[in-house]
file structure_34.csv (CSV, C-alpha atoms)
chain,number,residue,atom,x,y,z
A,1,MET,CA,-4.1,-5.6,-44.1
A,2,PRO,CA,-5.6,-3.3,-41.4
A,3,THR,CA,-4.4,-3.7,-37.9
A,4,GLU,CA,-7.0,-5.3,-35.5
A,5,ARG,CA,-8.1,-2.9,-32.8
A,6,ASN,CA,-7.1,-3.8,-29.3
A,7,PRO,CA,-10.4,-4.6,-27.4
A,8,ASN,CA,-8.8,-3.8,-24.1
A,9,PRO,CA,-6.5,-0.8,-24.5
A,10,THR,CA,-4.6,0.8,-21.6
A,11,VAL,CA,-6.6,3.9,-20.4
A,12,TYR,CA,-3.8,6.2,-19.4
A,13,PRO,CA,-5.9,9.1,-18.2
A,14,ILE,CA,-7.8,6.9,-15.8
A,15,LEU,CA,-4.6,5.4,-14.5
A,16,LEU,CA,-3.0,8.8,-13.9
A,17,VAL,CA,-6.1,10.1,-12.1
A,18,ILE,CA,-6.5,7.1,-9.9
A,19,SER,CA,-2.8,7.3,-9.0
A,20,ILE,CA,-3.3,11.0,-8.0
A,21,ALA,CA,-6.4,10.0,-6.0
A,22,HIS,CA,-4.3,7.4,-4.3
A,23,LEU,CA,-1.7,10.0,-3.4
A,24,ILE,CA,-4.5,12.2,-1.9
A,25,ASN,CA,-6.0,9.4,0.0
A,26,ASP,CA,-2.7,8.2,1.6
A,27,SER,CA,-1.6,11.8,2.3
A,28,LEU,CA,-4.8,12.4,4.2
A,29,GLN,CA,-4.1,9.2,6.2
A,30,ALA,CA,-0.6,10.4,6.8
A,31,VAL,CA,-2.0,13.5,8.4
A,32,ILE,CA,-2.8,11.4,11.5
A,33,PRO,CA,0.8,10.4,12.5
A,34,ALA,CA,2.0,13.8,11.3
A,35,SER,CA,-0.2,15.5,13.9
A,36,TYR,CA,1.0,13.4,16.9
A,37,PRO,CA,3.5,16.0,18.2
A,38,ILE,CA,0.8,18.7,18.2
A,39,LEU,CA,-2.0,16.5,19.6
A,40,ARG,CA,0.3,15.3,22.4
A,41,ASP,CA,0.9,18.8,23.5
A,42,SER,CA,-2.5,20.4,22.8
A,43,LEU,CA,-4.6,17.6,24.2
A,44,HIS,CA,-2.1,16.3,26.7
A,45,LEU,CA,-2.0,12.7,25.3
A,46,SER,CA,0.2,9.9,26.6
A,47,TYR,CA,2.3,7.7,24.3
A,48,THR,CA,-0.1,4.9,25.1
A,49,GLN,CA,-3.0,7.0,23.7
A,50,LEU,CA,-1.0,7.8,20.6
A,51,GLY,CA,-0.2,4.1,20.2
A,52,LEU,CA,-4.0,3.3,20.4
A,53,ILE,CA,-4.6,6.0,17.7
A,54,THR,CA,-2.1,4.2,15.5
A,55,PHE,CA,-3.8,0.8,16.1
A,56,ILE,CA,-7.3,2.2,15.3
A,57,LEU,CA,-6.0,3.8,12.2
A,58,TYR,CA,-4.3,0.6,10.9
A,59,PHE,CA,-7.3,-1.6,11.9
A,60,SER,CA,-9.9,0.6,10.2
A,61,SER,CA,-7.8,1.4,7.1
A,62,SER,CA,-6.1,-2.0,6.5
A,63,VAL,CA,-7.8,-5.0,8.2
A,64,MET,CA,-11.2,-3.9,6.9
A,65,GLN,CA,-10.1,-3.8,3.3
A,66,PRO,CA,-10.7,-7.5,2.4
A,67,PHE,CA,-14.3,-7.2,3.7
A,68,VAL,CA,-15.0,-4.0,1.7
A,69,GLY,CA,-13.4,-5.6,-1.3
A,70,ALA,CA,-15.6,-8.7,-1.0
A,71,PHE,CA,-18.7,-6.6,-0.7
A,72,ALA,CA,-17.7,-4.6,-3.9
A,73,ASP,CA,-17.1,-7.9,-5.7
A,74,THR,CA,-20.7,-8.9,-5.3
A,75,ARG,CA,-22.2,-5.4,-5.6
A,76,PRO,CA,-19.9,-3.1,-7.5
A,77,THR,CA,-20.5,0.5,-6.3
A,78,PRO,CA,-18.7,3.1,-8.3
A,79,TYR,CA,-19.7,6.0,-6.1
A,80,ILE,CA,-18.1,4.4,-3.0
A,81,LEU,CA,-14.9,6.3,-4.1
A,82,PRO,CA,-16.1,9.9,-3.8
A,83,SER,CA,-18.2,8.9,-0.7
A,84,GLY,CA,-15.1,7.7,1.0
A,85,MET,CA,-13.2,10.9,0.3
A,86,LEU,CA,-16.1,12.9,1.8
A,87,LEU,CA,-15.6,10.8,5.0
A,88,SER,CA,-12.0,11.9,5.0
A,89,LEU,CA,-13.1,15.5,4.7
A,90,PHE,CA,-15.2,15.2,7.8
A,91,GLY,CA,-12.4,13.3,9.5
A,92,MET,CA,-10.0,16.3,8.8
A,93,LEU,CA,-12.6,18.7,10.2
A,94,GLY,CA,-13.0,16.5,13.3
A,95,LEU,CA,-9.3,16.3,13.8
A,96,ALA,CA,-8.8,20.1,13.5
A,97,TYR,CA,-11.5,20.9,16.1
A,98,ALA,CA,-11.4,17.8,18.3
A,99,PRO,CA,-11.8,19.0,21.9
A,100,GLY,CA,-10.5,15.7,23.4
A,101,TYR,CA,-9.2,12.2,22.9
A,102,VAL,CA,-12.5,10.5,22.0
A,103,ALA,CA,-13.2,13.1,19.3
A,104,VAL,CA,-9.8,12.4,17.8
A,105,LEU,CA,-10.5,8.6,17.8
A,106,CYS,CA,-13.8,9.2,16.0
A,107,SER,CA,-12.0,11.4,13.4
A,108,VAL,CA,-9.3,8.7,12.9
A,109,ILE,CA,-12.0,6.0,12.4
A,110,LEU,CA,-13.6,8.2,9.6
A,111,VAL,CA,-10.2,8.6,7.8
A,112,GLY,CA,-9.3,4.9,8.2
A,113,THR,CA,-12.7,3.8,6.9
A,114,ALA,CA,-12.4,6.1,4.0
A,115,SER,CA,-9.0,4.5,3.2
A,116,ALA,CA,-10.5,1.0,3.4
A,117,MET,CA,-13.2,2.0,1.0
A,118,PHE,CA,-10.7,3.4,-1.5
A,119,HIS,CA,-8.0,0.8,-1.8
A,120,PRO,CA,-9.8,-2.3,-3.1
A,121,GLU,CA,-11.9,-0.3,-5.6
A,122,GLY,CA,-8.9,1.8,-6.6
A,123,ALA,CA,-6.9,-1.4,-7.3
A,124,ARG,CA,-9.8,-2.8,-9.3
A,125,ILE,CA,-10.0,0.4,-11.4
A,126,ALA,CA,-6.2,0.2,-12.1
A,127,TYR,CA,-6.8,-3.5,-13.2
A,128,LEU,CA,-9.7,-2.6,-15.5
A,129,ALA,CA,-7.9,0.4,-17.1
A,130,ALA,CA,-4.6,-1.5,-17.5
A,131,GLY,CA,-5.3,-3.4,-20.7
A,132,SER,CA,-2.3,-5.6,-21.3
A,133,LYS,CA,-0.1,-3.6,-19.0
A,134,ARG,CA,-1.4,-4.7,-15.6
A,135,GLY,CA,2.0,-4.6,-13.9
A,136,PHE,CA,2.6,-1.1,-15.1
A,137,ALA,CA,-0.9,0.0,-14.1
A,138,GLN,CA,-0.6,-1.3,-10.6
A,139,SER,CA,2.8,0.2,-10.2
A,140,LEU,CA,1.6,3.6,-11.2
A,141,PHE,CA,-1.4,3.2,-8.8
A,142,GLN,CA,0.9,2.1,-5.9
A,143,VAL,CA,3.5,4.9,-6.5
A,144,GLY,CA,0.8,7.5,-5.9
A,145,GLY,CA,0.1,5.9,-2.5
A,146,ASN,CA,3.7,5.7,-1.5
A,147,ALA,CA,4.3,9.3,-2.4
A,148,GLY,CA,1.3,10.3,-0.3
A,149,SER,CA,2.5,8.3,2.7
A,150,ALA,CA,6.0,9.9,2.4
A,151,MET,CA,4.5,13.4,2.9
A,152,ALA,CA,4.0,13.0,6.7
A,153,PRO,CA,7.3,14.7,7.7
A,154,LEU,CA,6.6,17.6,5.4
A,155,MET,CA,3.1,18.0,6.8
A,156,THR,CA,4.5,18.1,10.3
A,157,ALA,CA,7.2,20.7,9.4
A,158,LEU,CA,5.1,23.0,7.1
A,159,ILE,CA,1.6,22.8,8.5
A,160,PHE,CA,1.2,21.5,12.0
A,161,TYR,CA,4.1,23.3,13.6
A,162,PRO,CA,3.1,26.7,12.2
A,163,PHE,CA,-0.7,26.3,12.5
A,164,GLY,CA,-1.1,23.8,15.3
A,165,GLN,CA,-4.0,21.3,15.6
A,166,LYS,CA,-6.3,23.6,13.5
A,167,GLY,CA,-3.8,23.2,10.6
A,168,ALA,CA,-5.7,20.0,9.7
A,169,VAL,CA,-8.6,22.1,8.4
A,170,TRP,CA,-6.5,22.9,5.3
A,171,PHE,CA,-6.7,19.3,4.3
A,172,THR,CA,-10.4,19.6,3.8
A,173,LEU,CA,-9.5,21.4,0.5
A,174,VAL,CA,-7.3,18.5,-0.5
A,175,ALA,CA,-10.2,16.0,0.3
A,176,ALA,CA,-12.6,18.1,-1.7
A,177,ALA,CA,-10.3,18.0,-4.7
A,178,GLY,CA,-9.9,14.3,-4.3
A,179,ALA,CA,-13.7,13.8,-4.2
A,180,ALA,CA,-14.0,15.7,-7.5
A,181,LEU,CA,-11.3,13.5,-9.1
A,182,GLN,CA,-12.9,10.3,-7.9
A,183,MET,CA,-16.4,11.4,-9.0
A,184,TRP,CA,-14.9,11.6,-12.6
A,185,VAL,CA,-13.3,8.1,-12.2
A,186,ALA,CA,-16.6,6.7,-10.7
A,187,ARG,CA,-18.5,7.8,-13.9
A,188,TRP,CA,-15.9,6.0,-16.1
A,189,TYR,CA,-16.2,2.9,-13.8
A,190,LYS,CA,-20.0,3.0,-14.0
A,191,ASP,CA,-19.9,3.2,-17.8
A,192,ARG,CA,-17.4,0.3,-17.8
A,193,LEU,CA,-19.8,-1.8,-15.7
A,194,LEU,CA,-22.7,-1.1,-18.0
A,195,LEU,CA,-20.6,-2.0,-21.0
A,196,SER,CA,-19.3,-5.3,-19.5
A,197,SER,CA,-22.8,-6.3,-18.3
A,198,ARG,CA,-23.8,-6.5,-22.0
A,199,GLY,CA,-21.1,-9.1,-22.7
A,200,THR,CA,-21.2,-12.8,-22.0
A,201,LYS,CA,-19.4,-14.7,-19.3
A,202,SER,CA,-16.0,-15.8,-20.3
A,203,LYS,CA,-15.5,-19.5,-20.2
A,204,SER,CA,-12.0,-19.0,-18.8
A,205,ASP,CA,-13.5,-17.0,-16.0
A,206,ALA,CA,-16.1,-19.7,-15.2
A,207,GLU,CA,-13.3,-22.3,-15.2
A,208,GLY,CA,-11.0,-20.1,-13.2
A,209,VAL,CA,-7.3,-20.6,-13.9
A,210,ASN,CA,-7.5,-24.4,-14.5
A,211,VAL,CA,-5.7,-24.7,-11.2
A,212,GLN,CA,-7.2,-26.8,-8.4
A,213,GLN,CA,-9.0,-24.7,-5.8
A,214,GLN,CA,-6.7,-26.0,-3.1
A,215,ARG,CA,-3.6,-24.7,-5.0
A,216,VAL,CA,-5.3,-21.3,-5.5
A,217,VAL,CA,-5.9,-21.0,-1.7
A,218,GLY,CA,-2.4,-22.2,-1.0
A,219,ALA,CA,-0.9,-19.6,-3.4
A,220,ILE,CA,-2.9,-16.8,-1.8
A,221,VAL,CA,-1.6,-17.9,1.7
A,222,VAL,CA,2.0,-17.9,0.4
A,223,ILE,CA,1.5,-14.4,-1.1
A,224,ILE,CA,0.0,-13.0,2.1
A,225,LEU,CA,3.0,-14.4,4.1
A,226,ILE,CA,5.5,-12.9,1.7
A,227,ALA,CA,3.7,-9.5,1.7
A,228,PHE,CA,3.5,-9.7,5.5
A,229,ALA,CA,7.2,-10.4,5.9
A,230,ARG,CA,8.2,-7.8,3.4
A,231,SER,CA,5.9,-5.2,5.1
A,232,LEU,CA,7.3,-6.1,8.5
A,233,PHE,CA,10.8,-5.7,7.3
A,234,GLY,CA,10.1,-2.4,5.6
A,235,SER,CA,8.3,-1.0,8.6
A,236,SER,CA,11.1,-2.1,11.0
A,237,VAL,CA,13.7,-0.4,8.9
A,238,GLY,CA,11.6,2.7,8.6
A,239,THR,CA,10.8,2.9,12.3
A,240,TYR,CA,13.8,1.6,14.2
A,241,PHE,CA,16.9,1.8,11.9
A,242,VAL,CA,17.1,5.5,12.5
A,243,PHE,CA,17.6,4.8,16.2
A,244,TYR,CA,20.2,2.2,15.3
A,245,LEU,CA,22.1,4.8,13.3
A,246,MET,CA,21.9,7.3,16.1
A,247,GLU,CA,23.2,4.7,18.6
A,248,GLN,CA,25.9,3.2,16.5
A,249,PHE,CA,27.3,6.2,14.7
A,250,ARG,CA,26.3,9.0,17.1
A,251,MET,CA,24.3,10.7,14.3
A,252,SER,CA,21.8,13.5,14.9
A,253,VAL,CA,18.2,13.0,14.1
A,254,PRO,CA,18.3,14.9,10.7
A,255,GLU,CA,21.5,13.0,9.7
A,256,ALA,CA,19.9,9.6,10.4
A,257,GLN,CA,16.6,10.6,8.7
A,258,MET,CA,18.5,11.2,5.5
A,259,TYR,CA,19.3,7.5,5.3
A,260,ILE,CA,15.7,6.6,5.9
A,261,PHE,CA,14.6,9.1,3.3
A,262,LEU,CA,17.0,7.5,0.8
A,263,TYR,CA,15.6,4.1,1.5
A,264,ALA,CA,12.0,5.3,1.1
A,265,GLY,CA,12.8,7.3,-2.1
A,266,ALA,CA,14.5,4.2,-3.6
A,267,GLY,CA,11.4,2.2,-2.6
A,268,ILE,CA,9.1,4.5,-4.6
A,269,VAL,CA,11.3,4.0,-7.7
A,270,GLY,CA,11.4,0.3,-7.1
A,271,THR,CA,7.6,0.1,-6.9
A,272,PHE,CA,7.3,1.9,-10.2
A,273,LEU,CA,9.9,-0.3,-12.0
A,274,GLY,CA,8.7,-3.6,-10.7
A,275,GLY,CA,5.3,-3.6,-12.4
A,276,PRO,CA,6.6,-3.1,-16.0
A,277,LEU,CA,9.4,-5.6,-15.4
A,278,SER,CA,6.8,-8.2,-14.4
A,279,ASP,CA,4.9,-7.5,-17.6
A,280,ARG,CA,8.0,-8.7,-19.4
A,281,ILE,CA,9.4,-11.5,-17.3
A,282,GLY,CA,6.5,-12.6,-15.2
A,283,ARG,CA,5.0,-11.9,-11.7
A,284,LYS,CA,6.6,-14.8,-9.9
A,285,ALA,CA,10.1,-14.1,-11.3
A,286,VAL,CA,9.9,-10.4,-10.0
A,287,MET,CA,8.7,-11.5,-6.6
A,288,LEU,CA,11.5,-14.0,-6.2
A,289,LEU,CA,14.1,-11.5,-7.4
A,290,SER,CA,12.7,-8.9,-5.0
A,291,VAL,CA,12.6,-10.8,-1.8
A,292,LEU,CA,15.7,-13.0,-2.3
A,293,GLY,CA,17.7,-10.2,-4.2
A,294,ALA,CA,17.2,-7.9,-1.2
A,295,ALA,CA,18.5,-10.4,1.3
A,296,PRO,CA,22.3,-9.9,0.7
A,297,PHE,CA,21.9,-6.1,1.1
A,298,GLY,CA,19.8,-6.5,4.2
A,299,ILE,CA,22.2,-8.9,5.9
A,300,LEU,CA,25.2,-6.5,5.2
A,301,LEU,CA,23.5,-3.5,6.8
A,302,PRO,CA,24.6,-4.0,10.4
A,303,TYR,CA,28.2,-4.4,9.4
A,304,ALA,CA,28.5,-1.4,7.0
A,305,GLY,CA,30.1,1.9,7.7
A,306,GLU,CA,28.4,5.2,7.3
A,307,LEU,CA,29.5,5.7,3.7
A,308,TRP,CA,28.5,2.2,2.5
A,309,LEU,CA,25.1,2.5,4.1
A,310,TYR,CA,24.0,4.9,1.4
A,311,PRO,CA,24.3,2.4,-1.6
A,312,LEU,CA,23.1,-0.5,0.6
A,313,LEU,CA,19.9,1.3,1.6
A,314,MET,CA,19.3,2.5,-1.9
A,315,MET,CA,19.6,-1.0,-3.4
A,316,LEU,CA,17.6,-2.5,-0.6
A,317,GLY,CA,14.8,0.0,-1.0
A,318,LEU,CA,14.9,-0.4,-4.8
A,319,ILE,CA,14.8,-4.2,-4.8
A,320,ASN,CA,12.6,-4.9,-1.8
A,321,HIS,CA,9.8,-2.6,-3.0
A,322,SER,CA,10.0,-3.8,-6.7
A,323,SER,CA,7.4,-6.5,-5.9
A,324,PHE,CA,5.1,-4.2,-4.0
A,325,SER,CA,2.6,-3.9,-6.8
A,326,VAL,CA,3.4,-7.2,-8.5
A,327,THR,CA,2.0,-9.3,-5.6
A,328,VAL,CA,-1.3,-7.5,-6.0
A,329,VAL,CA,-1.4,-8.1,-9.8
A,330,TYR,CA,-0.5,-11.8,-9.2
A,331,VAL,CA,-3.5,-12.5,-7.0
A,332,GLN,CA,-5.8,-10.4,-9.2
A,333,GLU,CA,-5.0,-12.6,-12.2
A,334,LEU,CA,-5.1,-15.7,-10.1
A,335,VAL,CA,-8.6,-15.0,-8.9
A,336,PRO,CA,-10.1,-12.6,-11.5
A,337,GLY,CA,-13.7,-12.8,-10.1
A,338,LYS,CA,-12.6,-11.5,-6.7
A,339,ILE,CA,-10.5,-8.5,-7.6
A,340,GLY,CA,-11.6,-6.4,-4.6
A,341,MET,CA,-11.3,-9.0,-1.9
A,342,VAL,CA,-7.8,-10.3,-3.0
A,343,SER,CA,-6.6,-6.7,-3.5
A,344,GLY,CA,-7.8,-5.9,0.0
A,345,LEU,CA,-6.0,-9.0,1.4
A,346,ILE,CA,-2.7,-7.9,0.0
A,347,THR,CA,-2.8,-4.1,0.2
A,348,GLY,CA,-4.8,-4.0,3.4
A,349,LEU,CA,-4.5,-7.1,5.6
A,350,ALA,CA,-1.0,-8.2,4.8
A,351,PHE,CA,0.6,-4.7,4.8
A,352,GLY,CA,-1.5,-3.6,7.8
A,353,MET,CA,-0.5,-6.7,9.8
A,354,GLY,CA,3.2,-6.0,8.9
A,355,ALA,CA,2.9,-2.4,10.3
A,356,ILE,CA,1.1,-3.7,13.4
A,357,GLY,CA,3.8,-6.3,13.8
A,358,THR,CA,6.3,-3.5,14.1
A,359,VAL,CA,4.9,-3.0,17.6
A,360,VAL,CA,6.0,-6.6,18.5
A,361,VAL,CA,9.5,-5.7,17.1
A,362,GLY,CA,9.6,-2.7,19.4
A,363,ALA,CA,8.7,-4.9,22.3
A,364,MET,CA,11.5,-7.3,21.4
A,365,ILE,CA,13.9,-4.3,21.4
A,366,ASP,CA,12.8,-3.4,24.9
A,367,LEU,CA,13.4,-7.0,26.0
A,368,THR,CA,16.7,-7.6,24.3
A,369,SER,CA,18.7,-4.8,22.6
A,370,LEU,CA,18.3,-2.6,19.5
A,371,SER,CA,21.4,-4.0,17.7
A,372,ALA,CA,20.3,-7.6,18.3
A,373,VAL,CA,16.8,-7.1,16.9
A,374,ILE,CA,18.1,-5.1,13.9
A,375,VAL,CA,20.5,-8.0,13.0
A,376,ALA,CA,17.6,-10.4,13.3
A,377,CYS,CA,15.3,-8.3,11.1
A,378,THR,CA,17.9,-8.2,8.3
A,379,PHE,CA,17.3,-11.9,7.7
A,380,MET,CA,13.6,-11.4,7.1
A,381,PRO,CA,13.9,-11.2,3.2
A,382,LEU,CA,15.1,-14.8,3.2
A,383,PHE,CA,11.6,-15.8,4.2
A,384,GLY,CA,10.8,-15.1,0.6
A,385,VAL,CA,12.2,-18.5,-0.4
A,386,ILE,CA,8.6,-19.8,0.1
A,387,GLY,CA,7.8,-18.0,-3.2
A,388,PHE,CA,9.2,-21.0,-5.0
A,389,LEU,CA,6.0,-22.8,-3.9
A,390,LEU,CA,3.8,-20.4,-6.1
A,391,PRO,CA,2.4,-21.7,-9.3
A,392,SER,CA,3.8,-20.1,-12.5
A,393,ASP,CA,1.7,-17.1,-13.6
A,394,ARG,CA,2.2,-18.0,-17.3
A,395,LYS,CA,-1.0,-20.0,-17.2
A,396,PHE,CA,-3.2,-17.0,-16.3
A,397,ARG,CA,-1.3,-13.8,-17.0
A,398,ASN,CA,-2.8,-13.0,-20.4
A,399,ARG,CA,-6.3,-14.3,-19.6
A,400,PRO,CA,-9.1,-11.9,-20.3
A,401,GLU,CA,-10.4,-9.8,-17.4
A,402,GLY,CA,-12.6,-11.8,-15.1
A,403,MET,CA,-14.3,-9.0,-13.3
A,404,GLU,CA,-16.9,-8.5,-16.0
A,405,SER,CA,-18.6,-11.8,-15.3
A,406,LYS,CA,-19.1,-10.8,-11.7
A,407,ALA,CA,-20.3,-7.3,-12.4
call {"tool": "encode", "arguments": {"input": "structure_34.csv", "output": "structure tokens"}}
result
Amino acid sequence: MPTERNPNPTVYPILLVISIAHLINDSLQAVIPASYPILRDSLHLSYTQLGLITFILYFSSSVMQPFVGAFADTRPTPYILPSGMLLSLFGMLGLAYAPGYVAVLCSVILVGTASAMFHPEGARIAYLAAGSKRGFAQSLFQVGGNAGSAMAPLMTALIFYPFGQKGAVWFTLVAAAGAALQMWVARWYKDRLLLSSRGTKSKSDAEGVNVQQQRVVGAIVVIILIAFARSLFGSSVGTYFVFYLMEQFRMSVPEAQMYIFLYAGAGIVGTFLGGPLSDRIGRKAVMLLSVLGAAPFGILLPYAGELWLYPLLMMLGLINHSSFSVTVVYVQELVPGKIGMVSGLITGLAFGMGAIGTVVVGAMIDLTSLSAVIVACTFMPLFGVIGFLLPSDRKFRNRPEGMESKA
């Protein structure tokens, strides 16, 4: 008997290209903080002005994502992807030749807006190209972004120090390459929309997940809170733990940064492994394992010696980031007709709020002490216990894609 052809196969070339596009997008966004040492000296900026740049970057790139996603849900626009990358190109040009602070802010808004345009639609394309491997697809997509964000220190060392502020002009070539890649993806996306528009609405889509609307909203709120707490914990470790190491163990900056690099590197691996694992054992199970499994390693951090910090940070990064992509897939499958909006809520709003919340953590350090706040932060993963309130994803995991009915 001939094997029945899978109507929704995994489209690996699209997944690979959208992951590379994510790397390019987030590496261009990482250019902004990487340029801070140079901008501070060349334009004589204060730390307050640098902080405002960070706020504008996070607001434009993260908080706006749910609104961009909601618009794309009602009016799918494939060519929004290369258009956003062209905005980044102009943002890089503006940053390279900015004569003053206002011009820098305008350039940052361009780059942030481009990122907000990319993420919801990028997550949607990963969902559409995933077939039955939605966890794997979202993990591959998110790993590209994580790798791009991690390039900031390299940019500072290899580009901005040798070439100064005008070194940003080199990234216009990267943006141009990204626009070409995303143009190819946009054509596939457009063809997919035309194909799906010929189909009929799925009954399961019309009925949703057969879960009461109130429970769906409640589940999304819980997911946002978990993502916010996890993002705040990760941002706090990445931002302030290096100072804790320098204070407690008298480490030099390069020595302390090696520990943070280990945590970030393990996080990239964890992001990639979490998605495929969720395809096997379920999204909720991986989320609970991630947040609660990270708690013991986090709590032990302030009491570990220099040697034990290596395995602790490695395990913490690996486990804590394993649900990074899984939370996105969970809400996508929960509300299939609102892929862009819910993706923006998780990848944009929740993670962006977590990063902005790091400012509050810094203020708490100023009011109390570094060691006291670090100890308090290590208990954040325990907040993930609210994940037990989430409905099981077995009811909607293998449901057909719901996006087509909206397209």
call {"tool": "atom_distance", "arguments": {"input": "structure_34.csv", "atom1": "CA of Gly293 in chain A", "atom2": "CA of Phe233 in chain A"}}
result
14.1 Å
call {"tool": "closest_residue", "arguments": {"input": "structure_34.csv", "among": "A:Tyr330, A:Phe383, A:Phe388, A:Phe67", "to": "Leu288 in chain A", "atoms": "only C-alpha atoms"}}
result
A:Phe388
call {"tool": "atom_distance", "arguments": {"input": "structure_34.csv", "atom1": "CA of Ile53 in chain A", "atom2": "CA of Ala114 in chain A"}}
result
15.8 Å
call {"tool": "closest_residue", "arguments": {"input": "structure_34.csv", "among": "A:Leu93, A:Ala176, A:Val17, A:Val237", "to": "Ile125 in chain A", "atoms": "only C-alpha atoms"}}
result
A:Val17
call {"tool": "residues_around", "arguments": {"input": "structure_34.csv", "residues": "Gly317 in chain A", "least_positions_apart": "4", "cutoff": "9 Å", "atoms": "only C-alpha atoms", "output": "PDB file with C-alpha atoms, in the coordinates of the input"}}
result
ATOM      1  CA  GLY A 234      10.100  -2.400   5.600  1.00  0.00           C
ATOM      2  CA  LEU A 262      17.000   7.500   0.800  1.00  0.00           C
ATOM      3  CA  TYR A 263      15.600   4.100   1.500  1.00  0.00           C
ATOM      4  CA  ALA A 264      12.000   5.300   1.100  1.00  0.00           C
ATOM      5  CA  GLY A 265      12.800   7.300  -2.100  1.00  0.00           C
ATOM      6  CA  ALA A 266      14.500   4.200  -3.600  1.00  0.00           C
ATOM      7  CA  GLY A 267      11.400   2.200  -2.600  1.00  0.00           C
ATOM      8  CA  ILE A 268       9.100   4.500  -4.600  1.00  0.00           C
ATOM      9  CA  VAL A 269      11.300   4.000  -7.700  1.00  0.00           C
ATOM     10  CA  GLY A 270      11.400   0.300  -7.100  1.00  0.00           C
ATOM     11  CA  ALA A 294      17.200  -7.900  -1.200  1.00  0.00           C
ATOM     12  CA  LEU A 312      23.100  -0.500   0.600  1.00  0.00           C
ATOM     13  CA  LEU A 313      19.900   1.300   1.600  1.00  0.00           C
ATOM     14  CA  HIS A 321       9.800  -2.600  -3.000  1.00  0.00           C
ATOM     15  CA  SER A 322      10.000  -3.800  -6.700  1.00  0.00           C
TER      16      SER A 322
END
call {"tool": "atom_distance", "arguments": {"input": "structure_34.csv", "atom1": "CA of Leu349 in chain A", "atom2": "CA of Met64 in chain A"}}
result
7.5 Å
call {"tool": "residues_near_point", "arguments": {"input": "structure_34.csv", "point": "(26.0, -6.3, 16.4)", "cutoff": "12 Å", "atoms": "only C-alpha atoms", "output": "mmCIF file with C-alpha atoms, in the frame of the given file"}}
result
data_model
loop_
_atom_site.group_PDB
_atom_site.id
_atom_site.type_symbol
_atom_site.label_atom_id
_atom_site.label_comp_id
_atom_site.auth_asym_id
_atom_site.auth_seq_id
_atom_site.Cartn_x
_atom_site.Cartn_y
_atom_site.Cartn_z
ATOM 1 C CA TYR A 244 20.200 2.200 15.300
ATOM 2 C CA GLU A 247 23.200 4.700 18.600
ATOM 3 C CA GLN A 248 25.900 3.200 16.500
ATOM 4 C CA ILE A 299 22.200 -8.900 5.900
ATOM 5 C CA LEU A 300 25.200 -6.500 5.200
ATOM 6 C CA LEU A 301 23.500 -3.500 6.800
ATOM 7 C CA PRO A 302 24.600 -4.000 10.400
ATOM 8 C CA TYR A 303 28.200 -4.400 9.400
ATOM 9 C CA ALA A 304 28.500 -1.400 7.000
ATOM 10 C CA SER A 369 18.700 -4.800 22.600
ATOM 11 C CA LEU A 370 18.300 -2.600 19.500
ATOM 12 C CA SER A 371 21.400 -4.000 17.700
ATOM 13 C CA ALA A 372 20.300 -7.600 18.300
ATOM 14 C CA VAL A 373 16.800 -7.100 16.900
ATOM 15 C CA ILE A 374 18.100 -5.100 13.900
ATOM 16 C CA VAL A 375 20.500 -8.000 13.000
ATOM 17 C CA ALA A 376 17.600 -10.400 13.300
ATOM 18 C CA THR A 378 17.900 -8.200 8.300
#
call {"tool": "residues_near_point", "arguments": {"input": "structure_34.csv", "point": "(25.5, 4.7, 10.0)", "cutoff": "7 Å", "atoms": "all atoms listed in the file", "output": "list in words"}}
result
Leu245, Gln248, Phe249, Gly305, Glu306 and Leu309 of chain A
call {"tool": "residues_around", "arguments": {"input": "structure_34.csv", "residues": "Gly238 in chain A", "least_positions_apart": "2", "cutoff": "10 Å", "atoms": "all atoms listed in the file", "output": "list in words"}}
result
Leu232, Phe233, Gly234, Ser235, Ser236, Tyr240, Phe241, Val242, Phe243, Gln257, Tyr259, Ile260, Phe261, Tyr263, Ala264 and Thr358 of chain A
call {"tool": "closest_residue", "arguments": {"input": "structure_34.csv", "among": "A:Leu39, A:Leu16, A:Val385, A:Leu334", "to": "Arg283 in chain A", "atoms": "all atoms listed in the file"}}
result
A:Leu334
call {"tool": "closest_residue", "arguments": {"input": "structure_34.csv", "among": "A:Leu307, A:Leu277, A:Ile18, A:Val360", "to": "Ala179 in chain A", "atoms": "only C-alpha atoms"}}
result
A:Ile18
call {"tool": "residues_around", "arguments": {"input": "structure_34.csv", "residues": "range 166-173 of chain A", "least_positions_apart": "6", "cutoff": "12 Å", "atoms": "all atoms listed in the file", "output": "PyMOL selection string"}}
result
chain A and resi 24-25+27-36+38-39+42+85-99+104+107+111+155-160+179-180
call {"tool": "closest_residue", "arguments": {"input": "structure_34.csv", "among": "A:Tyr189, A:Phe228, A:Trp184, A:Phe55", "to": "Val359 in chain A", "atoms": "only C-alpha atoms"}}
result
A:Phe55
call {"tool": "closest_residue", "arguments": {"input": "structure_34.csv", "among": "A:Ile319, A:Met117, A:Met314, A:Val11", "to": "Val286 in chain A", "atoms": "only C-alpha atoms"}}
result
A:Ile319
call {"tool": "closest_atom_pairs", "arguments": {"input": "structure_34.csv", "of": "range 280-380 of chain A", "to": "range 218-223 of chain A", "cutoff": "10 Å", "atoms": "only C-alpha atoms", "output": "tab-separated table"}}
result
residue	atom	partner	partner_atom	distance
A:Met287	CA	A:Ile223	CA	9.5
A:Thr327	CA	A:Ile223	CA	6.8
A:Val328	CA	A:Ile223	CA	8.9
A:Tyr330	CA	A:Ile223	CA	8.7
A:Val331	CA	A:Ile220	CA	6.8
A:Leu334	CA	A:Ile220	CA	8.7
A:Val335	CA	A:Ile220	CA	9.3
A:Val342	CA	A:Ile220	CA	8.2
A:Leu345	CA	A:Ile220	CA	9.0
A:Ile346	CA	A:Ile223	CA	7.8
A:Ala350	CA	A:Ile223	CA	8.9
